[in-house]
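Shown below: run_16.csv, with CSV, C-alpha atoms.
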```
chain,number,residue,atom,x,y,z
A,770,MET,CA,199.1,148.4,158.0
A,771,ARG,CA,195.5,148.5,159.1
A,772,GLN,CA,193.4,146.7,156.5
A,773,HIS,CA,190.6,148.7,154.8
A,774,ARG,CA,188.8,148.5,151.6
A,775,THR,CA,190.7,151.2,149.9
A,776,THR,CA,194.2,150.6,148.4
A,777,MET,CA,197.2,152.8,149.2
A,778,LEU,CA,200.5,152.8,147.3
A,779,LYS,CA,203.5,154.7,148.5
A,780,VAL,CA,206.1,155.6,145.8
A,781,THR,CA,209.4,157.2,145.9
A,782,ALA,CA,210.6,156.5,142.3
A,783,PRO,CA,208.9,155.9,138.9
A,784,LEU,CA,206.3,153.2,139.3
A,785,THR,CA,207.0,149.7,138.0
A,786,ALA,CA,204.4,147.1,137.0
A,787,ALA,CA,205.3,145.2,140.2
A,788,ALA,CA,204.6,148.2,142.3
A,789,PHE,CA,201.2,148.7,140.8
A,790,ALA,CA,200.4,145.0,141.2
A,791,LEU,CA,201.3,145.4,144.9
A,792,ALA,CA,198.9,148.4,145.2
A,793,ALA,CA,196.1,146.4,143.6
A,794,CYS,CA,196.5,143.8,146.3
A,795,GLY,CA,196.4,146.3,149.1
A,796,GLY,CA,200.1,146.8,149.8
A,797,GLY,CA,201.5,150.0,151.4
A,798,ASP,CA,201.7,151.9,154.6
A,799,ASP,CA,198.8,153.7,156.3
A,800,ALA,CA,200.8,156.6,157.7
A,801,ASP,CA,199.4,159.4,159.8
A,802,ALA,CA,198.8,162.7,157.9
A,803,ALA,CA,200.3,165.9,159.2
A,804,THR,CA,199.4,169.1,157.4
A,805,THR,CA,202.3,171.4,156.4
A,806,ALA,CA,201.8,175.2,156.5
A,807,LEU,CA,202.2,176.8,153.1
A,808,PRO,CA,204.4,179.9,153.0
A,809,GLU,CA,202.2,182.9,152.9
A,810,GLU,CA,203.6,184.2,149.6
A,811,LEU,CA,202.6,181.0,147.9
A,812,ALA,CA,199.0,180.9,149.2
A,813,VAL,CA,197.5,182.4,146.0
A,814,ALA,CA,194.2,181.5,144.5
A,815,SER,CA,195.3,181.8,140.9
A,816,THR,CA,198.5,182.0,138.8
A,817,VAL,CA,196.6,182.8,135.6
A,818,ASP,CA,197.4,186.5,135.6
A,819,MET,CA,201.1,186.3,136.6
A,820,THR,CA,203.7,187.6,134.3
A,821,ASP,CA,206.3,185.1,132.9
A,822,GLU,CA,208.9,186.3,135.4
A,823,GLU,CA,206.4,186.2,138.4
A,824,TYR,CA,205.3,182.7,137.4
A,825,ALA,CA,208.9,181.4,137.0
A,826,GLU,CA,209.7,182.7,140.5
A,827,TYR,CA,206.5,181.2,141.9
A,828,LEU,CA,207.3,177.8,140.5
A,829,THR,CA,210.8,177.8,141.9
A,830,ALA,CA,209.5,178.8,145.3
A,831,LEU,CA,206.8,176.1,145.0
A,832,GLU,CA,209.4,173.4,144.2
A,833,GLU,CA,211.4,174.4,147.3
A,834,ALA,CA,208.4,174.4,149.5
A,835,SER,CA,207.4,171.0,148.1
A,836,LYS,CA,210.8,169.6,149.1
A,837,ALA,CA,210.6,171.3,152.5
A,838,GLU,CA,207.2,169.6,153.3
A,839,GLY,CA,208.6,166.2,152.4
A,840,GLY,CA,207.7,166.1,148.7
A,841,VAL,CA,204.6,164.0,149.3
A,842,ILE,CA,201.3,164.0,147.4
A,843,SER,CA,198.4,161.9,148.6
A,844,TYR,CA,196.3,161.0,145.6
A,845,TYR,CA,192.7,159.5,145.8
A,846,PHE,CA,191.2,158.0,142.6
A,847,SER,CA,188.5,155.4,142.2
A,848,ALA,CA,190.3,153.6,139.4
A,849,PRO,CA,192.9,150.9,140.1
A,850,ALA,CA,196.4,152.1,140.6
A,851,ALA,CA,197.5,150.7,137.2
A,852,ALA,CA,195.2,153.1,135.5
A,853,ALA,CA,197.3,156.0,136.7
A,854,GLU,CA,200.7,154.4,136.1
A,855,ASN,CA,201.9,156.4,133.1
A,856,GLN,CA,200.7,159.8,134.3
A,857,ILE,CA,202.2,159.3,137.8
A,858,ASN,CA,205.5,158.2,136.4
A,859,LEU,CA,205.9,161.3,134.3
A,860,PHE,CA,205.1,163.6,137.3
A,861,ILE,CA,207.7,161.8,139.5
A,862,GLU,CA,210.3,161.9,136.7
A,863,LYS,CA,209.9,165.7,136.5
A,864,TYR,CA,209.9,166.1,140.3
A,865,PRO,CA,212.1,163.2,141.5
A,866,TRP,CA,211.9,164.2,145.2
A,867,VAL,CA,208.2,163.5,145.2
A,868,GLU,CA,206.8,160.6,147.2
A,869,LEU,CA,203.3,159.6,146.0
A,870,GLU,CA,200.7,157.9,148.1
A,871,TYR,CA,197.9,156.4,146.0
A,872,THR,CA,194.6,155.4,147.5
A,873,SER,CA,191.9,153.8,145.4
A,874,GLY,CA,188.4,152.6,146.2
A,875,GLY,CA,184.8,153.1,145.1
A,876,THR,CA,183.6,156.6,144.2
A,877,LEU,CA,181.2,156.9,147.1
A,878,GLU,CA,183.7,155.3,149.5
A,879,LEU,CA,186.4,157.8,148.7
A,880,ILE,CA,184.0,160.7,149.0
A,881,GLU,CA,182.9,159.5,152.4
A,882,ARG,CA,186.5,159.0,153.4
A,883,VAL,CA,187.5,162.5,152.6
A,884,ILE,CA,184.5,163.9,154.5
A,885,THR,CA,185.2,161.7,157.5
A,886,GLU,CA,188.9,162.5,157.6
A,887,ASN,CA,188.3,166.2,157.5
A,888,ALA,CA,185.5,166.1,160.1
A,889,ALA,CA,187.9,164.3,162.4
A,890,GLY,CA,190.6,167.0,161.8
A,891,ARG,CA,192.9,164.5,160.1
A,892,PRO,CA,192.7,165.2,156.3
A,893,SER,CA,194.8,162.8,154.3
A,894,ALA,CA,194.1,163.5,150.6
A,895,ASP,CA,195.8,166.2,148.7
A,896,VAL,CA,194.2,165.6,145.3
A,897,LEU,CA,191.2,163.6,144.3
A,898,GLN,CA,190.5,162.6,140.7
A,899,GLY,CA,186.8,162.2,139.8
A,900,GLY,CA,183.8,163.8,138.2
A,901,PRO,CA,180.5,165.7,138.8
A,902,LEU,CA,179.5,163.6,141.8
A,903,GLU,CA,182.7,164.6,143.6
A,904,ASP,CA,182.3,168.2,142.6
A,905,ASN,CA,178.7,168.3,143.8
A,906,THR,CA,179.4,166.6,147.1
A,907,LEU,CA,182.9,167.6,148.2
A,908,CYS,CA,183.1,171.1,146.7
A,909,ARG,CA,179.6,172.5,146.6
A,910,ASP,CA,178.0,170.7,149.6
A,911,GLU,CA,181.0,170.3,151.9
A,912,GLY,CA,183.2,173.1,150.9
A,913,LEU,CA,186.4,170.9,151.0
A,914,CYS,CA,187.9,171.9,147.6
A,915,LEU,CA,190.6,174.4,147.2
A,916,GLU,CA,189.9,177.4,145.0
A,917,TYR,CA,193.0,177.4,142.8
A,918,ASP,CA,193.4,178.2,139.1
A,919,PRO,CA,196.6,177.0,137.5
A,920,ARG,CA,198.2,179.2,134.9
A,921,GLY,CA,197.4,176.8,132.1
A,922,GLU,CA,193.7,177.5,132.5
A,923,ALA,CA,194.2,180.9,130.9
A,924,ASP,CA,194.4,179.2,127.5
A,925,LEU,CA,191.1,177.4,127.7
A,926,PRO,CA,188.0,178.5,125.6
A,927,ALA,CA,184.9,179.3,127.6
A,928,ASP,CA,183.2,176.0,126.9
A,929,ARG,CA,186.1,174.1,128.5
A,930,ALA,CA,186.9,176.3,131.4
A,931,TYR,CA,184.5,174.9,134.0
A,932,ALA,CA,184.7,178.1,136.0
A,933,ASP,CA,182.1,176.9,138.6
A,934,CYS,CA,183.9,173.6,139.4
A,935,GLY,CA,186.3,173.4,142.4
A,936,CYS,CA,188.6,171.5,140.1
A,937,SER,CA,190.8,171.6,137.1
A,938,VAL,CA,189.7,169.7,134.0
A,939,ALA,CA,192.9,168.5,132.3
A,940,ASP,CA,191.4,166.0,129.9
A,941,PHE,CA,188.2,164.3,128.8
A,942,PHE,CA,187.0,161.1,127.3
A,943,THR,CA,184.1,160.4,124.9
A,944,PHE,CA,181.4,157.7,124.6
A,945,HIS,CA,180.8,155.8,121.4
A,946,ILE,CA,179.1,152.9,119.6
A,947,THR,CA,181.5,150.1,118.7
A,948,TYR,CA,180.8,147.2,116.4
A,949,ASN,CA,182.3,143.9,115.2
A,950,THR,CA,183.6,144.3,111.7
A,951,ASN,CA,183.3,140.6,110.9
A,952,GLN,CA,179.6,140.7,111.5
A,953,VAL,CA,178.6,144.2,110.6
A,954,SER,CA,179.7,146.3,107.6
A,955,ALA,CA,180.5,150.0,107.9
A,956,ALA,CA,177.5,150.8,105.9
A,957,GLU,CA,175.2,148.7,108.1
A,958,ALA,CA,176.6,149.8,111.4
A,959,PRO,CA,174.3,152.1,113.5
A,960,LYS,CA,175.2,155.7,113.2
A,961,THR,CA,173.1,157.0,116.1
A,962,TYR,CA,171.6,155.6,119.3
A,963,GLU,CA,168.2,156.0,117.7
A,964,ASP,CA,169.3,153.5,115.1
A,965,LEU,CA,169.5,150.8,117.8
A,966,THR,CA,165.7,151.0,118.4
A,967,ASP,CA,165.2,149.5,114.9
A,968,PRO,CA,163.8,145.9,115.3
A,969,LYS,CA,166.7,144.6,113.1
A,970,TRP,CA,169.0,145.1,116.0
A,971,LYS,CA,166.8,143.2,118.5
A,972,GLY,CA,169.1,141.1,120.8
A,973,ARG,CA,172.2,141.9,118.7
A,974,PHE,CA,173.8,144.5,120.8
A,975,GLY,CA,175.2,145.0,124.3
A,976,VAL,CA,174.8,147.9,126.7
A,977,ASN,CA,177.5,148.8,129.2
A,978,ILE,CA,175.8,149.4,132.5
A,979,ASP,CA,178.9,150.9,134.1
A,980,GLN,CA,178.4,154.1,132.2
A,981,LEU,CA,176.0,156.1,134.3
A,982,ASP,CA,177.7,159.3,133.1
A,983,TRP,CA,176.8,158.6,129.5
A,984,PHE,CA,173.2,158.0,130.5
A,985,ALA,CA,173.1,161.3,132.4
A,986,GLY,CA,174.8,163.0,129.5
A,987,VAL,CA,172.3,161.8,126.9
A,988,LEU,CA,169.4,162.9,129.1
A,989,ALA,CA,171.0,166.4,129.5
A,990,GLU,CA,171.6,166.8,125.8
A,991,MET,CA,168.2,165.6,124.6
A,992,GLY,CA,166.1,166.8,127.5
A,993,GLU,CA,165.0,164.3,130.2
A,994,GLN,CA,161.7,163.3,128.7
A,995,ASP,CA,163.1,162.6,125.2
A,996,GLY,CA,166.2,161.0,126.7
A,997,LEU,CA,164.3,158.6,128.9
A,998,ALA,CA,162.0,157.7,125.9
A,999,LEU,CA,165.1,156.8,123.9
A,1000,MET,CA,166.6,154.7,126.7
A,1001,GLU,CA,163.3,152.8,127.1
A,1002,ALA,CA,163.1,152.2,123.4
A,1003,ILE,CA,166.7,150.9,123.4
A,1004,ALA,CA,166.0,148.6,126.4
A,1005,ALA,CA,162.8,147.3,124.6
A,1006,ASN,CA,165.1,146.0,121.9
A,1007,GLU,CA,166.5,143.3,124.3
A,1008,PRO,CA,170.2,144.3,124.6
A,1009,VAL,CA,172.7,142.1,126.4
A,1010,VAL,CA,173.7,143.9,129.6
A,1011,TYR,CA,177.4,143.9,130.4
A,1012,ALA,CA,179.9,145.8,132.6
A,1013,GLY,CA,183.2,147.5,131.6
A,1014,ALA,CA,185.8,145.9,129.3
A,1015,ASP,CA,184.1,142.5,129.5
A,1016,GLY,CA,181.8,143.8,126.7
A,1017,LEU,CA,184.7,144.5,124.4
A,1018,GLU,CA,185.9,140.9,124.8
A,1019,LYS,CA,182.5,139.6,124.0
A,1020,LEU,CA,182.1,142.0,121.1
A,1021,SER,CA,185.5,140.9,119.7
A,1022,ALA,CA,184.4,137.2,120.1
A,1023,GLY,CA,181.2,137.8,118.2
A,1024,GLU,CA,178.8,137.2,121.1
A,1025,PHE,CA,177.0,140.3,120.0
A,1026,ASP,CA,177.4,142.6,117.0
A,1027,VAL,CA,177.4,146.1,118.6
A,1028,ALA,CA,178.5,147.4,122.0
A,1029,PHE,CA,178.0,150.8,123.7
A,1030,PRO,CA,178.6,153.1,125.3
A,1031,GLN,CA,182.4,152.6,125.1
A,1032,SER,CA,184.9,155.3,125.7
A,1033,ALA,CA,187.8,155.7,123.2
A,1034,THR,CA,190.4,154.6,125.7
A,1035,ARG,CA,193.7,152.7,125.7
A,1036,THR,CA,191.7,149.4,126.0
A,1037,VAL,CA,189.9,150.0,122.7
A,1038,ARG,CA,193.0,151.2,120.9
A,1039,ASP,CA,195.1,148.3,122.0
A,1040,LEU,CA,192.4,145.8,121.1
A,1041,ILE,CA,192.2,147.3,117.6
A,1042,ALA,CA,196.0,147.4,117.3
A,1043,ASP,CA,196.2,143.7,118.2
A,1044,GLY,CA,193.8,142.8,115.4
A,1045,ALA,CA,190.5,142.7,117.2
A,1046,PRO,CA,187.6,143.1,114.7
A,1047,ILE,CA,186.3,146.3,116.4
A,1048,GLU,CA,185.5,149.7,114.9
A,1049,ILE,CA,184.3,152.9,116.6
A,1050,VAL,CA,181.3,154.9,115.4
A,1051,THR,CA,181.3,158.6,116.0
A,1052,THR,CA,177.7,159.8,116.5
A,1053,PRO,CA,176.6,163.3,115.3
A,1054,VAL,CA,176.5,164.4,118.9
A,1055,THR,CA,179.2,162.9,121.1
A,1056,ILE,CA,178.8,162.8,124.9
A,1057,ALA,CA,182.0,163.9,126.6
A,1058,GLN,CA,182.9,163.4,130.3
A,1059,PRO,CA,185.5,165.7,131.8
A,1060,ASP,CA,188.2,164.3,134.0
A,1061,MET,CA,188.1,166.5,137.1
A,1062,TYR,CA,191.1,166.9,139.4
A,1063,PHE,CA,190.2,168.3,142.8
A,1064,PRO,CA,192.9,170.0,145.0
A,1065,LEU,CA,191.6,169.8,148.5
A,1066,LYS,CA,191.4,172.8,150.8
A,1067,ASN,CA,193.0,171.0,153.8
A,1068,ALA,CA,195.6,169.2,151.8
A,1069,PRO,CA,198.4,168.0,154.1
A,1070,HIS,CA,201.0,168.9,151.5
A,1071,PRO,CA,199.8,172.1,149.9
A,1072,ALA,CA,202.9,173.0,148.0
A,1073,THR,CA,203.1,169.7,146.2
A,1074,THR,CA,199.4,169.8,145.6
A,1075,ARG,CA,199.7,173.1,143.8
A,1076,LEU,CA,202.8,171.9,141.9
A,1077,TYR,CA,200.8,168.9,140.6
A,1078,MET,CA,197.9,171.2,139.5
A,1079,GLU,CA,200.3,173.4,137.6
A,1080,TRP,CA,201.8,170.4,135.9
A,1081,LEU,CA,198.4,169.0,134.9
A,1082,MET,CA,197.5,172.2,133.0
A,1083,SER,CA,201.0,172.8,131.6
A,1084,ASP,CA,201.7,172.5,127.8
A,1085,GLU,CA,204.3,169.9,128.7
A,1086,TRP,CA,201.6,167.5,130.1
A,1087,GLN,CA,198.8,168.6,127.8
A,1088,ASN,CA,200.9,167.6,124.7
A,1089,LYS,CA,201.4,164.1,126.2
A,1090,VAL,CA,197.9,163.3,127.4
A,1091,GLY,CA,196.7,161.7,124.2
A,1092,GLU,CA,199.7,159.4,123.9
A,1093,VAL,CA,200.2,158.6,127.6
A,1094,VAL,CA,196.7,158.2,129.0
A,1095,VAL,CA,194.8,157.9,125.7
A,1096,LYS,CA,192.3,160.7,126.6
A,1097,VAL,CA,191.6,164.0,124.9
A,1098,PRO,CA,193.6,166.9,126.4
A,1099,ILE,CA,191.4,169.8,127.4
A,1100,LYS,CA,193.6,172.3,125.6
A,1101,GLU,CA,192.6,172.8,122.0
A,1102,GLY,CA,195.5,172.1,119.5
A,1103,ALA,CA,197.2,169.5,121.8
A,1104,PRO,CA,197.6,166.1,120.1
A,1105,ILE,CA,194.6,163.7,120.6
A,1106,PRO,CA,194.9,159.9,120.8
A,1107,SER,CA,194.6,157.9,117.6
A,1108,SER,CA,191.6,156.0,119.0
A,1109,ALA,CA,189.8,159.4,119.2
A,1110,GLU,CA,190.5,160.6,115.7
A,1111,GLY,CA,187.4,162.1,114.1
A,1112,ILE,CA,185.5,162.8,117.4
A,1113,LEU,CA,186.2,166.5,117.2
A,1114,ASP,CA,184.4,166.6,113.9
A,1115,SER,CA,181.1,165.8,115.7
A,1116,GLU,CA,179.3,168.1,118.1
A,1117,LEU,CA,180.7,167.6,121.6
A,1118,PHE,CA,178.2,167.7,124.5
A,1119,PHE,CA,180.0,167.9,127.9
A,1120,GLU,CA,178.3,166.3,130.9
A,1121,THR,CA,178.8,168.6,133.9
A,1122,THR,CA,177.9,168.9,137.5
A,1123,ASP,CA,175.1,171.3,136.6
A,1124,ASN,CA,173.5,169.2,133.9
A,1125,PHE,CA,174.0,165.7,135.5
A,1126,GLY,CA,170.8,165.8,137.5
A,1127,ASP,CA,170.2,164.3,140.9
A,1128,TYR,CA,172.6,161.4,141.4
A,1129,ASP,CA,170.1,159.0,143.2
A,1130,THR,CA,167.5,159.8,140.6
A,1131,ARG,CA,169.8,159.0,137.7
A,1132,VAL,CA,170.9,155.7,139.3
A,1133,GLU,CA,167.2,154.7,139.9
A,1134,GLN,CA,166.3,155.5,136.3
A,1135,HIS,CA,169.3,153.8,134.8
A,1136,GLN,CA,168.8,150.6,136.9
A,1137,SER,CA,165.0,150.4,136.3
A,1138,ILE,CA,165.5,150.7,132.5
A,1139,PHE,CA,168.5,148.5,131.9
A,1140,VAL,CA,168.8,146.2,134.9
A,1141,THR,CA,165.6,145.5,136.8
A,1142,GLY,CA,163.3,146.2,133.8
```
In structure tokens, what does this structure look like?
Amino acid sequence: MRQHRTTMLKVTAPLTAAAFALAACGGGDDADAATTALPEELAVASTVDMTDEEYAEYLTALEEASKAEGGVISYYFSAPAAAAENQINLFIEKYPWVELEYTSGGTLELIERVITENAAGRPSADVLQGGPLEDNTLCRDEGLCLEYDPRGEADLPADRAYADCGCSVADFFTFHITYNTNQVSAAEAPKTYEDLTDPKWKGRFGVNIDQLDWFAGVLAEMGEQDGLALMEAIAANEPVVYAGADGLEKLSAGEFDVAFPQSATRTVRDLIADGAPIEIVTTPVTIAQPDMYFPLKNAPHPATTRLYMEWLMSDEWQNKVGEVVVKVPIKEGAPIPSSAEGILDSELFFETTDNFGDYDTRVEQHQSIFVTG
């Protein structure tokens, strides 16, 4: 295997913890990609308007085409392989002939890799999981995303349909304030981000600098001028800067009283279940980030790619999203994770490609306020 910064995992059976550990260390094969032609009758842009009979016939034909092309799906995602373990296992269990190749790396690194591979005439990725930056770059600027609407999107309300995205949004996660229940009472806990500008919180809270999406979402929801003023006021209250899950450990240990923005993920849920003194605050307006799944136009395995997109938006998977990956399913009425209970009682504001703003500008603003000062 040629060594590169990304991580590839090849799987032919449900993934074990050992297999994911191997992926995290860079194990796997870097095989040459060879695009398979999709049968003409399957090269549709949407299955939304198919009748039940037409759709059943389409799925059967798609499964056979998937087997004929080798049953491979090449999956690019910036998160470590272990983050996708449960989701991938269920897809492979349903379609046991599928062999999955998992490539992880930095967001910008994977975007550049997809562009470079396609420019060289050697596309390798079938599906990329990401967000607004990938949509703006790969779909809108480069035109590399497949226009494909799975049948499950027919059930989505207008505010969750993302009609202008070259993707399917199967789930979303939300950003919250968390606090240490040993040090802060429920009555005292901040209820809004504005509360954290109060001098009584000076030096008592941590800010997660990994969450640029939350920052962009707040600016979009409030308006850039008011949003930047809030961020500057929060920064003036001398927060402790941290990155990722490290902040939850410090919060649990009492190194600071409040931590944000934290998403209501499996990590938070498991810590609370294990007895960590952490509670989640739901603000009046909750910033939500959609999980975007991009089928790529030049996917080497087009039948398996479409099969995966249909599965993502199916009721079967949507009803398992909350339990399996601890995110909120995009379909209304599907069960949500216990760690996210109550969030749908607040006003949800979805960060999107259109309201994110210029990426470089948002990075510069975020860094200058919370990092460089």
### Query
Any idea what the distance is between CA of Asn949 (chain A) and CA of Asn977 (chain A)?
15.6 Å
### Task
Please identify all polymer residues lying at most 6 Å from the point (188.2, 164.9, 128.9) (file coordinates), using all atoms listed in the file, and present the result as JSON, numbers by chain.
{"A": [940, 941, 942, 1058, 1059, 1060, 1097]}
### Task
Give as JSON, numbers by chain each residue that has an atom at most 12 Å from (194.0, 169.4, 152.2) in the file, counting only C-alpha atoms.
{"A": [802, 803, 804, 805, 806, 807, 842, 843, 844, 845, 883, 884, 886, 887, 890, 891, 892, 893, 894, 895, 896, 897, 907, 912, 913, 914, 915, 916, 1063, 1064, 1065, 1066, 1067, 1068, 1069, 1070, 1071, 1072, 1073, 1074, 1075]}
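Nearest to Gly935 (chain A) of all the residues A:Thr1055, A:Ser815, A:Asn905, A:Gln1031 is A:Asn905, based on all atoms listed in the file.
The shell of residues at most 9 Å from Leu828 (chain A), with only C-alpha atoms counted and near chain neighbours (fewer than 5 positions) removed, consists of Glu823, Glu833, Leu1076 and Glu1079 of chain A.
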### Query
Using only C-alpha atoms, which of the listed residues (A:Ser1021, A:Thr1130, A:Ser847, A:Ser1107) sits closest to Ala1033 (chain A)?
A:Ser1107
### Task
Tell me which protein, DNA and RNA residues are within 12 Å of Thr820 (chain A), counting all atoms listed in the file, leaving out same-chain ones fewer than 6 positions away, and put them as a ChimeraX atom specification.
/A:826-827,920
With C-alpha atoms retained, export the selected residues as a PDB file, in the frame of the given file.
```pdb
ATOM      1  CA  GLU A 826     209.700 182.700 140.500  1.00  0.00           C
ATOM      2  CA  TYR A 827     206.500 181.200 141.900  1.00  0.00           C
ATOM      3  CA  ARG A 920     198.200 179.200 134.900  1.00  0.00           C
TER       4      ARG A 920
END
```
### Query
Please, what distance in Å, to one decimal, runs between CA of Glu957 (chain A) and CA of Ile1056 (chain A)?
22.2 Å
### Message
Show me, as a list of chain:residue names, the residues that have an atom within 10 Å of Thr1121 (chain A) when counting only C-alpha atoms, minus same-chain residues fewer than 4 positions from it.
### Response
A:Gly900, A:Pro901, A:Leu902, A:Asp904, A:Asn905, A:Tyr931, A:Cys934, A:Asp982, A:Ala985, A:Gly986, A:Ala989, A:Ala1057, A:Gln1058, A:Pro1059, A:Phe1125, A:Gly1126
### Query
If we count all atoms listed in the file, what is near Gly1044 (chain A) at a cut-off of 12 Å, once residues fewer than 3 positions away on the same chain are taken out, given as a PyMOL selection string?
chain A and resi 949-951+1021-1022+1037-1041+1047-1048
### Point-to-point distance in Å for CA of Asp918 (chain A) and CA of Val817 (chain A)
6.6 Å
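Distance check against Gln898 (chain A) using all atoms listed in the file: of A:Val867, A:Ala939, A:Val841, A:Ala1103, the minimum falls on A:Ala939.
Remark: for Glu1116 (chain A), the closest of the candidate residues A:Glu1085, A:Glu990, A:Glu809, A:Glu854 is A:Glu990 (distances computed over all atoms listed in the file).
In this comparison, which uses only C-alpha atoms, the residue of A:Pro865, A:Pro849, A:Pro959, A:Gly1111 approaching Lys836 (chain A) most closely is A:Pro865.
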#### Entry: Selection near Lys1089 (chain A), 9 Å with only C-alpha atoms, sequence-local residues under 4 positions removed, as a PyMOL selection string
chain A and resi 1084-1085+1093-1094+1098+1103-1105
### Query
Out of A:Val938, A:Val976, A:Leu988, A:Leu879, which residue has the shortest atom-to-atom distance to Arg1131 (chain A) when counting only C-alpha atoms?
A:Leu988
If I only want region 900-911 of chain A, can you write it with C-alpha atoms, as a short mmCIF file (atom, residue, chain, number, x, y, z; two decimals), in the first residue's frame?
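Wrote selection.cif, looks like this:
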```
data_model
loop_
_atom_site.label_atom_id
_atom_site.label_comp_id
_atom_site.auth_asym_id
_atom_site.auth_seq_id
_atom_site.Cartn_x
_atom_site.Cartn_y
_atom_site.Cartn_z
CA GLY A 900 -21.41 19.56 4.96
CA PRO A 901 -21.82 23.00 3.38
CA LEU A 902 -18.14 23.36 2.43
CA GLU A 903 -18.24 20.15 0.39
CA ASP A 904 -21.52 21.22 -1.22
CA ASN A 905 -20.14 24.62 -2.18
CA THR A 906 -16.85 23.28 -3.52
CA LEU A 907 -17.54 19.86 -5.03
CA CYS A 908 -21.13 20.40 -6.20
CA ARG A 909 -21.51 24.08 -6.99
CA ASP A 910 -17.97 25.01 -8.05
CA GLU A 911 -16.71 21.76 -9.55
#
```
